[in-house]
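K.L.:
The structure file model_38.cif (mmCIF, C-alpha atoms) is provided below.
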data_entry
#
loop_
_atom_site.label_atom_id
_atom_site.label_comp_id
_atom_site.auth_asym_id
_atom_site.auth_seq_id
_atom_site.Cartn_x
_atom_site.Cartn_y
_atom_site.Cartn_z
CA MET A 1 140.06 -96.85 12.74
CA LYS A 2 138.75 -97.99 16.13
CA ARG A 3 140.42 -98.17 19.52
CA VAL A 4 139.51 -101.08 21.78
CA THR A 5 140.59 -102.07 25.28
CA LEU A 6 141.72 -105.67 25.81
CA PHE A 7 141.69 -107.76 28.98
CA LEU A 8 142.75 -111.34 29.52
CA TRP A 9 139.67 -113.55 29.93
CA GLY A 10 138.78 -113.76 33.61
CA THR A 11 140.36 -110.51 34.77
CA ARG A 12 140.08 -106.74 34.43
CA ASN A 13 143.69 -106.03 35.34
CA ASN A 14 146.54 -104.83 33.10
CA GLY A 15 144.35 -103.87 30.16
CA LYS A 16 145.89 -102.93 26.85
CA ILE A 17 144.64 -100.62 24.10
CA ILE A 18 145.04 -101.46 20.42
CA CYS A 19 143.97 -99.81 17.19
CA VAL A 20 141.82 -101.80 14.77
CA GLN A 21 142.00 -100.66 11.16
CA ASP A 22 139.01 -101.10 8.85
CA SER A 23 141.18 -103.34 6.67
CA ASP A 24 142.17 -105.66 9.54
CA SER A 25 140.91 -109.23 9.60
CA LEU A 26 139.94 -111.12 12.74
CA GLU A 27 143.26 -112.97 12.53
CA ASP A 28 145.09 -109.62 12.50
CA VAL A 29 143.23 -108.51 15.61
CA LEU A 30 143.94 -111.81 17.39
CA ALA A 31 147.63 -111.57 16.51
CA ASN A 32 147.81 -107.98 17.76
CA ALA A 33 145.90 -108.86 20.94
CA GLY A 34 148.18 -111.82 21.61
CA GLN A 35 151.26 -109.66 21.18
CA LYS A 36 149.91 -106.96 23.52
CA LEU A 37 148.81 -109.42 26.25
CA GLY A 38 151.71 -111.82 25.80
CA ILE A 39 149.52 -114.85 25.08
CA SER A 40 148.40 -116.99 22.16
CA ALA A 41 145.02 -115.34 21.51
CA ALA A 42 142.34 -117.72 20.22
CA ARG A 43 138.97 -115.99 20.71
CA ILE A 44 137.60 -112.58 21.57
CA PHE A 45 134.43 -111.81 23.54
CA THR A 46 132.51 -108.62 24.33
CA GLU A 47 131.53 -107.45 27.81
CA LYS A 48 128.12 -109.10 27.42
CA GLY A 49 129.61 -112.46 26.56
CA GLY A 50 129.16 -112.46 22.80
CA GLU A 51 131.97 -113.83 20.69
CA VAL A 52 133.44 -111.49 18.08
CA ASP A 53 133.65 -113.26 14.70
CA ASP A 54 133.71 -110.19 12.45
CA VAL A 55 135.92 -107.12 12.89
CA ALA A 56 133.22 -104.94 11.34
CA LEU A 57 131.10 -105.55 14.46
CA LEU A 58 133.57 -103.82 16.74
CA ARG A 59 132.75 -100.35 18.05
CA ASP A 60 135.11 -97.58 19.01
CA ASP A 61 136.17 -97.72 22.69
CA GLU A 62 134.78 -101.25 23.07
CA VAL A 63 136.00 -103.41 25.94
CA LEU A 64 136.98 -106.94 24.86
CA PHE A 65 138.13 -110.11 26.63
CA VAL A 66 140.68 -112.37 24.99
CA SER A 67 140.77 -116.15 25.55
CA GLN A 68 143.68 -118.53 24.89
CA ASP A 69 141.33 -121.53 24.84
CA GLU A 70 139.73 -122.30 21.47
CA THR A 71 137.06 -124.37 23.26
CA ALA A 72 136.04 -121.59 25.63
CA ASP A 73 132.29 -120.97 25.52
CA LEU A 74 130.83 -118.16 27.53
CA SER A 75 127.28 -119.24 26.68
CA SER A 76 127.79 -122.56 28.49
CA SER A 77 129.42 -121.05 31.58
CA THR A 78 127.49 -121.08 34.81
CA GLU A 79 126.03 -117.86 36.08
CA SER A 80 128.42 -117.81 39.06
CA THR A 81 131.45 -118.26 36.78
CA LEU A 82 130.30 -115.46 34.53
CA ASN A 83 129.75 -113.18 37.48
CA ASP A 84 133.19 -114.00 38.88
CA HIS A 85 134.96 -113.43 35.56
CA TYR A 86 132.74 -110.62 34.29
CA PRO A 87 131.14 -108.73 37.19
CA MET A 88 129.77 -106.19 34.71
CA LEU A 89 127.44 -108.93 33.36
CA ALA A 90 125.75 -109.54 36.73
CA VAL A 91 123.27 -106.71 36.27
CA GLU A 92 119.59 -106.92 37.06
CA GLU A 93 117.20 -105.57 34.47
CA GLY A 94 116.23 -102.67 36.73
CA ASP A 95 119.87 -101.60 37.07
CA TRP A 96 120.10 -100.38 33.49
CA VAL A 97 119.60 -96.63 33.10
CA THR A 98 119.40 -94.34 30.09
CA LEU A 99 120.80 -90.80 30.27
CA ASN A 100 119.82 -87.94 28.01
CA VAL A 101 122.94 -85.78 28.05
CA GLY A 102 122.51 -82.64 26.00
CA GLY A 103 120.14 -84.45 23.60
CA ARG A 104 122.25 -87.60 23.12
CA TYR A 105 121.27 -90.91 24.73
CA PHE A 106 123.67 -93.07 26.75
CA THR A 107 122.68 -96.43 28.21
CA THR A 108 124.71 -97.82 31.09
CA THR A 109 124.33 -99.44 34.51
CA ARG A 110 124.03 -97.98 37.95
CA ARG A 111 127.12 -99.99 38.90
CA THR A 112 129.16 -98.21 36.23
CA LEU A 113 128.01 -94.83 37.52
CA THR A 114 128.56 -95.59 41.20
CA ALA A 115 131.28 -98.24 41.71
CA ASN A 116 134.51 -96.68 40.47
CA GLU A 117 133.96 -93.12 41.74
CA PRO A 118 131.66 -93.47 44.79
CA ASP A 119 132.12 -89.82 45.82
CA SER A 120 131.23 -88.36 42.42
CA MET A 121 128.02 -86.51 41.62
CA LEU A 122 126.89 -89.34 39.32
CA ALA A 123 127.32 -91.86 42.15
CA LYS A 124 125.21 -89.71 44.44
CA MET A 125 122.58 -89.31 41.73
CA PHE A 126 122.12 -93.01 40.97
CA ASP A 127 123.17 -94.96 44.08
CA ASN A 128 119.80 -96.07 45.44
CA SER A 129 121.41 -98.00 48.30
CA LYS A 130 122.31 -94.83 50.17
CA PRO A 131 119.82 -92.53 51.85
CA THR A 132 121.82 -89.61 50.56
CA GLY A 133 121.07 -90.60 46.97
CA LEU A 134 119.17 -87.97 45.01
CA ASN A 135 115.67 -88.53 43.69
CA TRP A 136 115.70 -87.89 39.94
CA THR A 137 112.28 -89.32 39.09
CA SER A 138 111.04 -85.86 38.11
CA ARG A 139 114.04 -85.23 35.84
CA LYS A 140 113.21 -87.46 32.93
CA ASP A 141 112.38 -86.77 29.30
CA PRO A 142 109.26 -88.22 27.60
CA ASN A 143 111.24 -91.40 26.79
CA GLY A 144 112.08 -92.00 30.43
CA ALA A 145 115.76 -91.04 30.12
CA TYR A 146 117.38 -89.07 32.93
CA LEU A 147 118.05 -85.50 31.81
CA ILE A 148 121.53 -84.07 32.32
CA ASP A 149 122.24 -80.66 30.81
CA ARG A 150 125.90 -81.13 29.87
CA SER A 151 127.93 -81.57 26.69
CA PRO A 152 127.51 -85.10 25.26
CA ASP A 153 130.86 -84.93 23.43
CA TYR A 154 132.70 -84.35 26.69
CA PHE A 155 130.51 -86.72 28.69
CA GLU A 156 131.28 -89.74 26.48
CA PRO A 157 134.96 -90.14 27.51
CA ILE A 158 133.89 -89.69 31.15
CA LEU A 159 131.38 -92.54 30.88
CA ASN A 160 133.95 -94.77 29.19
CA TYR A 161 136.40 -93.96 31.97
CA LEU A 162 133.83 -95.11 34.53
CA ARG A 163 133.31 -98.30 32.53
CA HIS A 164 136.89 -99.49 32.25
CA GLY A 165 139.14 -97.04 34.10
CA GLN A 166 140.95 -95.87 30.95
CA LEU A 167 140.97 -92.31 29.62
CA ILE A 168 140.46 -92.40 25.86
CA LEU A 169 139.95 -89.18 23.91
CA ASN A 170 138.68 -89.31 20.35
CA LYS A 171 140.35 -87.13 17.76
CA GLY A 172 139.07 -83.58 17.92
CA ILE A 173 137.99 -83.74 21.57
CA ASN A 174 139.51 -80.91 23.59
CA PRO A 175 140.84 -82.30 26.89
CA LEU A 176 140.07 -78.94 28.54
CA GLY A 177 136.37 -79.56 27.92
CA VAL A 178 136.56 -83.05 29.38
CA LEU A 179 138.48 -81.65 32.36
CA GLU A 180 135.70 -79.18 33.12
CA GLU A 181 133.11 -81.97 32.96
CA ALA A 182 135.24 -84.20 35.21
CA LYS A 183 135.45 -81.39 37.77
CA PHE A 184 131.70 -80.76 37.46
CA PHE A 185 130.88 -84.41 38.16
CA GLY A 186 133.50 -84.66 40.90
CA ILE A 187 135.59 -87.38 39.21
CA MET A 188 138.87 -86.16 40.63
CA GLY A 189 141.01 -89.13 39.56
CA LEU A 190 140.16 -88.41 35.94
CA ALA A 191 140.68 -84.67 36.49
CA GLU A 192 144.25 -85.34 37.66
CA ASP A 193 144.96 -87.48 34.57
CA LEU A 194 143.61 -84.75 32.30
CA ASP A 195 145.68 -82.08 34.06
CA SER A 196 148.81 -84.12 33.33
CA ILE A 197 147.86 -84.57 29.67
CA ILE A 198 147.12 -80.87 29.20
CA ASN A 199 150.41 -79.82 30.82
CA GLU A 200 152.36 -82.27 28.64
CA ASP A 201 150.62 -81.15 25.45
CA GLU A 202 151.06 -77.41 26.04
CA PRO A 203 153.81 -76.20 23.72
CA PRO A 204 156.52 -74.21 25.47
CA GLY A 205 156.25 -70.49 24.86
CA ASP A 206 158.77 -68.72 22.69
CA GLN A 207 161.39 -67.65 25.23
CA THR A 208 163.78 -66.13 22.69
CA PRO A 209 164.95 -62.79 24.13
CA ILE A 210 163.84 -59.67 22.26
CA THR A 211 166.61 -57.75 20.54
CA ARG A 212 167.18 -54.00 20.55
CA ARG A 213 166.20 -53.80 16.87
CA GLU A 214 162.92 -55.65 17.40
CA PHE A 215 162.04 -53.46 20.37
CA ALA A 216 163.01 -50.26 18.55
CA LEU A 217 160.62 -51.20 15.73
CA SER A 218 157.83 -51.62 18.27
CA LEU A 219 158.58 -48.17 19.64
CA MET A 220 158.45 -46.61 16.18
CA PHE A 221 154.90 -47.85 15.59
CA THR A 222 153.59 -46.95 19.04
CA SER A 223 152.00 -43.59 19.71
CA SER A 224 153.80 -41.44 22.26
CA ASN A 225 150.46 -41.15 24.08
CA SER A 226 150.05 -44.93 24.37
CA GLN A 227 151.48 -47.20 27.04
CA LEU A 228 153.61 -49.89 25.47
CA ARG A 229 152.72 -53.20 27.12
CA CYS A 230 155.70 -55.53 27.53
CA GLN A 231 154.25 -57.51 30.41
CA GLY A 232 155.88 -60.92 30.84
CA MET A 233 158.21 -60.49 27.83
CA ASN A 234 161.81 -61.67 27.73
CA PHE A 235 164.53 -59.03 27.36
CA SER A 236 167.38 -61.08 28.86
CA GLY A 237 170.73 -59.59 27.88
CA ALA A 238 169.13 -57.05 25.53
CA ASP A 239 170.92 -53.73 24.94
CA LEU A 240 168.26 -51.07 25.53
CA SER A 241 170.65 -48.38 26.70
CA ARG A 242 169.93 -44.67 26.07
CA LEU A 243 166.41 -45.31 24.71
CA ASP A 244 163.35 -43.31 25.72
CA LEU A 245 161.12 -45.94 27.36
CA ARG A 246 158.88 -43.77 29.50
CA TYR A 247 155.60 -45.34 30.73
CA VAL A 248 156.41 -48.83 29.39
CA ASN A 249 154.80 -51.69 31.32
CA PHE A 250 157.49 -54.29 32.14
CA LYS A 251 155.44 -56.07 34.81
CA HIS A 252 156.61 -59.69 35.25
CA ALA A 253 159.11 -59.20 32.40
CA THR A 254 162.57 -60.78 32.35
CA LEU A 255 165.39 -58.26 31.99
CA LYS A 256 168.19 -60.31 33.49
CA LYS A 257 171.62 -58.91 32.55
CA ALA A 258 169.98 -56.37 30.22
CA LYS A 259 171.80 -53.12 29.47
CA LEU A 260 169.72 -50.05 30.35
CA ALA A 261 172.46 -47.52 31.09
CA GLY A 262 171.30 -43.95 30.48
CA THR A 263 167.79 -45.10 29.54
CA ASN A 264 164.79 -42.94 30.38
CA LEU A 265 162.52 -45.27 32.38
CA SER A 266 160.37 -42.64 34.05
CA CYS A 267 157.02 -43.98 35.28
CA CYS A 268 157.77 -47.50 34.01
CA ASN A 269 156.21 -50.45 35.81
CA PHE A 270 158.71 -53.19 36.80
CA GLU A 271 156.46 -54.89 39.35
CA ARG A 272 157.74 -58.44 40.05
CA ALA A 273 160.09 -58.22 37.06
CA ASP A 274 163.44 -60.03 37.02
CA LEU A 275 166.15 -57.36 36.78
CA SER A 276 168.95 -59.37 38.37
CA GLN A 277 172.42 -58.19 37.32
CA VAL A 278 170.89 -55.52 35.07
CA ILE A 279 172.96 -52.43 34.22
CA LEU A 280 171.00 -49.26 35.00
CA ASP A 281 173.87 -46.82 35.53
CA GLY A 282 172.71 -43.23 34.97
CA ALA A 283 169.15 -44.27 34.18
CA ASN A 284 166.25 -41.89 34.77
CA LEU A 285 163.79 -43.66 37.12
CA LEU A 286 161.41 -40.88 38.15
CA GLY A 287 158.18 -42.40 39.46
CA ALA A 288 159.21 -45.93 38.39
CA LYS A 289 157.57 -48.86 40.17
CA PHE A 290 159.74 -51.79 41.30
CA LEU A 291 157.24 -53.37 43.68
CA CYS A 292 158.63 -56.80 44.72
CA ALA A 293 161.01 -56.79 41.74
CA ASN A 294 164.25 -58.79 41.73
CA LEU A 295 167.22 -56.41 41.40
CA GLU A 296 169.84 -58.61 43.02
CA GLY A 297 173.34 -57.75 41.88
CA ALA A 298 172.16 -54.85 39.69
CA SER A 299 174.41 -51.88 38.88
CA MET A 300 172.45 -48.63 39.44
CA ARG A 301 175.22 -46.08 39.97
CA GLY A 302 174.19 -42.47 39.52
CA CYS A 303 170.51 -43.18 38.87
CA ASN A 304 167.97 -40.41 39.26
CA PHE A 305 164.82 -41.31 41.21
CA GLU A 306 164.07 -37.79 42.41
CA ASP A 307 161.02 -36.09 40.93
CA PRO A 308 160.66 -32.35 41.74
CA ALA A 309 156.91 -32.72 41.22
CA GLY A 310 156.77 -35.21 44.08
CA SER A 311 156.11 -38.47 42.22
CA ARG A 312 157.84 -41.14 44.31
CA ALA A 313 159.62 -44.14 42.89
CA ASN A 314 158.24 -47.25 44.59
CA MET A 315 160.68 -50.06 45.40
CA GLU A 316 158.71 -51.55 48.26
CA GLY A 317 159.55 -55.18 48.97
CA ALA A 318 162.16 -55.34 46.20
CA ASN A 319 165.08 -57.75 46.38
CA MET A 320 168.13 -55.49 46.10
CA LYS A 321 170.86 -57.62 47.60
CA SER A 322 174.35 -56.47 46.65
CA VAL A 323 172.97 -53.62 44.48
CA ASP A 324 175.40 -50.83 43.64
CA LEU A 325 173.51 -47.52 44.02
CA GLU A 326 176.49 -45.26 44.68
CA GLY A 327 175.78 -41.59 43.98
CA SER A 328 172.10 -42.08 43.10
CA HIS A 329 169.49 -39.39 43.77
CA MET A 330 166.82 -41.21 45.79
CA ALA A 331 165.02 -38.51 47.76
CA ALA A 332 161.59 -39.65 48.97
CA VAL A 333 161.98 -43.11 47.38
CA ASN A 334 159.82 -45.82 48.96
CA LEU A 335 162.12 -48.69 50.01
CA ARG A 336 159.89 -50.07 52.78
CA VAL A 337 160.71 -53.70 53.69
CA ALA A 338 163.10 -53.89 50.74
CA THR A 339 166.11 -56.21 51.04
CA LEU A 340 169.33 -54.21 50.61
CA LYS A 341 171.75 -56.55 52.32
CA ASN A 342 175.38 -55.86 51.30
CA ALA A 343 174.25 -53.02 49.01
CA ASN A 344 176.51 -50.06 48.18
CA LEU A 345 174.66 -46.82 48.98
CA GLN A 346 177.64 -44.52 49.30
CA ASN A 347 176.95 -40.81 48.71
CA CYS A 348 173.28 -41.43 47.93
CA ASP A 349 170.70 -38.70 48.48
CA LEU A 350 168.09 -40.46 50.65
CA ARG A 351 166.35 -37.42 52.13
CA ALA A 352 162.84 -38.33 53.35
CA ALA A 353 163.25 -41.82 51.90
CA VAL A 354 161.09 -44.54 53.44
CA LEU A 355 163.35 -47.35 54.66
CA ALA A 356 161.06 -48.66 57.40
CA GLY A 357 161.52 -52.38 57.91
CA ALA A 358 164.22 -52.58 55.23
CA ASP A 359 167.10 -55.02 55.54
CA LEU A 360 170.22 -52.84 55.49
CA GLU A 361 172.59 -55.42 56.97
CA ASN A 362 176.21 -54.73 56.00
CA CYS A 363 175.15 -51.84 53.76
CA ASP A 364 177.63 -49.05 53.10
CA LEU A 365 175.80 -45.77 53.74
CA SER A 366 178.92 -43.63 53.99
CA GLY A 367 178.42 -40.05 52.90
CA CYS A 368 174.64 -40.42 52.51
CA ASP A 369 172.12 -37.71 53.19
CA LEU A 370 169.48 -39.37 55.41
CA GLN A 371 167.76 -36.21 56.59
CA GLU A 372 164.16 -37.03 57.63
CA ALA A 373 164.55 -40.57 56.27
CA ASN A 374 162.32 -43.17 57.96
CA LEU A 375 164.49 -46.06 59.24
CA ARG A 376 162.07 -47.38 61.86
CA GLY A 377 162.32 -51.13 62.22
CA ALA A 378 165.14 -51.39 59.68
CA ASN A 379 167.88 -53.98 60.16
CA LEU A 380 171.06 -51.90 60.53
CA LYS A 381 173.37 -54.70 61.66
CA GLY A 382 176.87 -54.12 60.31
CA ALA A 383 175.80 -51.03 58.34
CA THR A 384 178.42 -48.29 57.79
CA PHE A 385 177.46 -44.65 58.49
CA GLU A 386 180.74 -42.77 58.06
CA LEU A 387 180.99 -39.15 56.88
CA MET A 388 177.21 -38.63 57.12
CA LEU A 389 176.01 -35.23 55.90
CA ASN A 390 173.44 -35.07 58.70
CA PRO A 391 173.49 -37.07 61.94
CA LEU A 392 170.74 -39.61 62.46
CA HIS A 393 168.15 -38.78 65.09
CA MET A 394 166.81 -41.46 67.42
CA SER A 395 163.31 -40.75 66.18
CA GLN A 396 164.34 -41.90 62.69
CA THR A 397 165.17 -45.44 63.83
CA ILE A 398 162.89 -46.16 66.81
CA ARG A 399 159.37 -47.33 66.16
#
Take the structure in this file and express it as structure tokens.

P.N.:
Amino acid sequence: MKRVTLFLWGTRNNGKIICVQDSDSLEDVLANAGQKLGISAARIFTEKGGEVDDVALLRDDEVLFVSQDETADLSSSTESTLNDHYPMLAVEEGDWVTLNVGGRYFTTTRRTLTANEPDSMLAKMFDNSKPTGLNWTSRKDPNGAYLIDRSPDYFEPILNYLRHGQLILNKGINPLGVLEEAKFFGIMGLAEDLDSIINEDEPPGDQTPITRREFALSLMFTSSNSQLRCQGMNFSGADLSRLDLRYVNFKHATLKKAKLAGTNLSCCNFERADLSQVILDGANLLGAKFLCANLEGASMRGCNFEDPAGSRANMEGANMKSVDLEGSHMAAVNLRVATLKNANLQNCDLRAAVLAGADLENCDLSGCDLQEANLRGANLKGATFELMLNPLHMSQTIR
């Protein structure tokens, strides 16, 4: 099977691509071409003006011109007419160049290499009309071909793109390889097309949430001395309550609406994880890291963050809007620049906690112990401080 690009005779606009089977006759190709171009196809010519009278002569990725006139004769056309209809034919003998790309030879014209992508590396290499053009006379092989140390398989679709403006990838050609070559040669229009193709072809990842049973099996076969890596995994809605999950890496994981009540999560890493509306009531969070995590709407009543050995839980920059932390032990927790707007912090132990720059607007801090807590630069608008165990000192809130 071959793929060819068709244009109506006299133009290079609105080209169409058809497949030519080895069993097709010339009549089959003409009928297919006529259907694609919306004409009554009578004759087919190559770029160089030769009429195609045998399908076996066609090459893969060939550019063809279809005529409706059975009397059309390119050989009898004047040179000016040919140049008007087929500008690619108006090439002086000295404009043909041969490239040795990774050991394979490609013959083309300087116009092909320079016209369509004038800012590309190939245009700068072979455009002799500009003083900025590079001198490659010393970069030739013994046969006089210009040496380019790149992959020939990936270069071929790039050259065909420069010839007719169409991206055609043969079966088995990895578009990622062609993309790298397009970037290397500075053909950014082609690079954008390839990016789109690659993004469309990428199969969506398996986003099925992991169940408690599946996760429990993983725990059974993991050494207690090893860190279980769950980075980027989906635990949405999973019931992981009352499990021992110490030192597990949940970085970038999705735990939305998961149930983790009473779970031991000491020293776990939840950096940038999605824990929105998660249930963490009574969880053990000694030394846990929630850097920039999303905890909006989470229930964290009675959680224990306090480590007698001094290992601080880190919740710096976390989104904790409307979090319910009532009765949690949070001594020395790092909540710097965290967002706690509308959060419930009643009766929390926040001794020596770092709340500098935190958004505590409309928070309920009634009954909290804020002894030696750092609230410098925090937004305390509308916050409630009733029944405080220790009065706040000015030094705790002024920068």

K.L.:
Tell me, as number ranges by chain, which residues lie within 9 Å of Pro175 of chain A, counting only C-alpha atoms; anything in the same chain fewer than 2 positions away does not count.

P.N.:
A: 154, 169, 173, 177-180, 194-195, 197-198

K.L.:
Pick the closest to Leu167 of chain A from A:Arg111, A:Arg351, A:Arg3, A:Lys341: which is it, counting only C-alpha atoms?

P.N.:
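Once distances to Leu167 of chain A are computed over only C-alpha atoms, the minimum belongs to A:Arg3.
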
K.L.:
Can you list what the PyMOL selection byres ((chain A and resi 345) around 10) grabs from this structure, as a PDB file with C-alpha atoms, in the frame of the given file?

P.N.:
ATOM      1  CA  MET A 300     172.450 -48.630  39.440  1.00  0.00           C
ATOM      2  CA  ARG A 301     175.220 -46.080  39.970  1.00  0.00           C
ATOM      3  CA  SER A 322     174.350 -56.470  46.650  1.00  0.00           C
ATOM      4  CA  VAL A 323     172.970 -53.620  44.480  1.00  0.00           C
ATOM      5  CA  ASP A 324     175.400 -50.830  43.640  1.00  0.00           C
ATOM      6  CA  LEU A 325     173.510 -47.520  44.020  1.00  0.00           C
ATOM      7  CA  GLU A 326     176.490 -45.260  44.680  1.00  0.00           C
ATOM      8  CA  GLY A 327     175.780 -41.590  43.980  1.00  0.00           C
ATOM      9  CA  SER A 328     172.100 -42.080  43.100  1.00  0.00           C
ATOM     10  CA  LEU A 340     169.330 -54.210  50.610  1.00  0.00           C
ATOM     11  CA  ASN A 342     175.380 -55.860  51.300  1.00  0.00           C
ATOM     12  CA  ALA A 343     174.250 -53.020  49.010  1.00  0.00           C
ATOM     13  CA  ASN A 344     176.510 -50.060  48.180  1.00  0.00           C
ATOM     14  CA  GLN A 346     177.640 -44.520  49.300  1.00  0.00           C
ATOM     15  CA  ASN A 347     176.950 -40.810  48.710  1.00  0.00           C
ATOM     16  CA  CYS A 348     173.280 -41.430  47.930  1.00  0.00           C
ATOM     17  CA  ASP A 349     170.700 -38.700  48.480  1.00  0.00           C
ATOM     18  CA  LEU A 350     168.090 -40.460  50.650  1.00  0.00           C
ATOM     19  CA  LEU A 360     170.220 -52.840  55.490  1.00  0.00           C
ATOM     20  CA  CYS A 363     175.150 -51.840  53.760  1.00  0.00           C
ATOM     21  CA  ASP A 364     177.630 -49.050  53.100  1.00  0.00           C
ATOM     22  CA  LEU A 365     175.800 -45.770  53.740  1.00  0.00           C
ATOM     23  CA  SER A 366     178.920 -43.630  53.990  1.00  0.00           C
ATOM     24  CA  GLY A 367     178.420 -40.050  52.900  1.00  0.00           C
ATOM     25  CA  CYS A 368     174.640 -40.420  52.510  1.00  0.00           C
ATOM     26  CA  THR A 384     178.420 -48.290  57.790  1.00  0.00           C
TER      27      THR A 384
END

K.L.:
Between atom CA of Gly262 of chain A and atom CA of Glu372 of chain A, what is the distance, to one decimal in Å?

P.N.:
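If I compute the distance from atom CA of Gly262 of chain A to atom CA of Glu372 of chain A, I get 28.9 Å.
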
K.L.:
Just checking: using all atoms listed in the file, which residue out of A:Leu219, A:Leu122, A:Leu260, A:Cys268 ends up closest to Gln231 of chain A?

P.N.:
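Going through A:Leu219, A:Leu122, A:Leu260, A:Cys268 one by one, the smallest distance to Gln231 of chain A is for A:Cys268.
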
K.L.:
On this structure, which residues satisfy the PyMOL selection byres ((chain A and resi 5-15) around 9), written as a list in words?

P.N.:
Arg3, Val4, Lys16, Ile17, Ile18, Ala33, Lys36, Leu37, Ile39, Ile44, Phe45, Asp61, Glu62, Val63, Leu64, Phe65, Val66, Ser67, Gln68, Leu82, Asp84, His85, Tyr86, His164 and Gln166 of chain A

K.L.:
I'd like the neighbourhood of Phe305 of chain A as a PyMOL selection string, where a residue qualifies if any of its atoms comes within 12 Å (using all atoms listed in the file), though same-chain residues fewer than 5 positions away should be ignored.

P.N.:
chain A and resi 264-268+280+282-290+300+310-315+325+327-335+348-351+353

K.L.:
May I ask for the distance between atom CA of Asn269 of chain A and atom CA of Cys292 of chain A, given in Å to one decimal place?

P.N.:
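Spanning atom CA of Asn269 of chain A to atom CA of Cys292 of chain A is a straight-line distance of 11.2 Å.
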
K.L.:
Just the number, please: distance in Å from atom CA of Ser276 of chain A to atom CA of Asp307 of chain A, one decimal.

P.N.:
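Spanning atom CA of Ser276 of chain A to atom CA of Asp307 of chain A is a straight-line distance of 24.7 Å.
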
K.L.:
Identify which of the residues A:Thr254, A:Asn128, A:Thr339, A:Asn160 lies closest to Glu296 of chain A, counting only C-alpha atoms when measuring atom-to-atom distances.

P.N.:
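Closest to Glu296 of chain A, using only C-alpha atoms: A:Thr339.
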
K.L.:
Nearest to Leu355 of chain A among A:Asn100, A:Ser23, A:Asn249, A:Asn374, with distances taken over only C-alpha atoms: which residue is it?

P.N.:
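With only C-alpha atoms as the atom set, the closest residue is A:Asn374.
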
K.L.:
Any chance you could work out the residue set of the PyMOL selection byres ((chain A and resi 145) around 9) here, as an mmCIF file with C-alpha atoms, in the coordinates of the input?

P.N.:
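Printed below is selection10.cif as written:
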data_model
loop_
_atom_site.group_PDB
_atom_site.id
_atom_site.type_symbol
_atom_site.label_atom_id
_atom_site.label_comp_id
_atom_site.auth_asym_id
_atom_site.auth_seq_id
_atom_site.Cartn_x
_atom_site.Cartn_y
_atom_site.Cartn_z
ATOM 1 C CA VAL A 97 119.600 -96.630 33.100
ATOM 2 C CA THR A 98 119.400 -94.340 30.090
ATOM 3 C CA LEU A 99 120.800 -90.800 30.270
ATOM 4 C CA ASN A 100 119.820 -87.940 28.010
ATOM 5 C CA TYR A 105 121.270 -90.910 24.730
ATOM 6 C CA PHE A 106 123.670 -93.070 26.750
ATOM 7 C CA THR A 107 122.680 -96.430 28.210
ATOM 8 C CA ARG A 139 114.040 -85.230 35.840
ATOM 9 C CA LYS A 140 113.210 -87.460 32.930
ATOM 10 C CA ASP A 141 112.380 -86.770 29.300
ATOM 11 C CA PRO A 142 109.260 -88.220 27.600
ATOM 12 C CA ASN A 143 111.240 -91.400 26.790
ATOM 13 C CA GLY A 144 112.080 -92.000 30.430
ATOM 14 C CA TYR A 146 117.380 -89.070 32.930
ATOM 15 C CA LEU A 147 118.050 -85.500 31.810
#

K.L.:
Quick one: what's the axis-aligned box for segment 144-158 of chain A, all listed atoms, 6 Å on every side, centre and edges in Å to one decimal, as JSON?

P.N.:
{"center_x": 123.5, "center_y": -86.3, "center_z": 28.2, "size_x": 34.9, "size_y": 23.3, "size_z": 21.5}
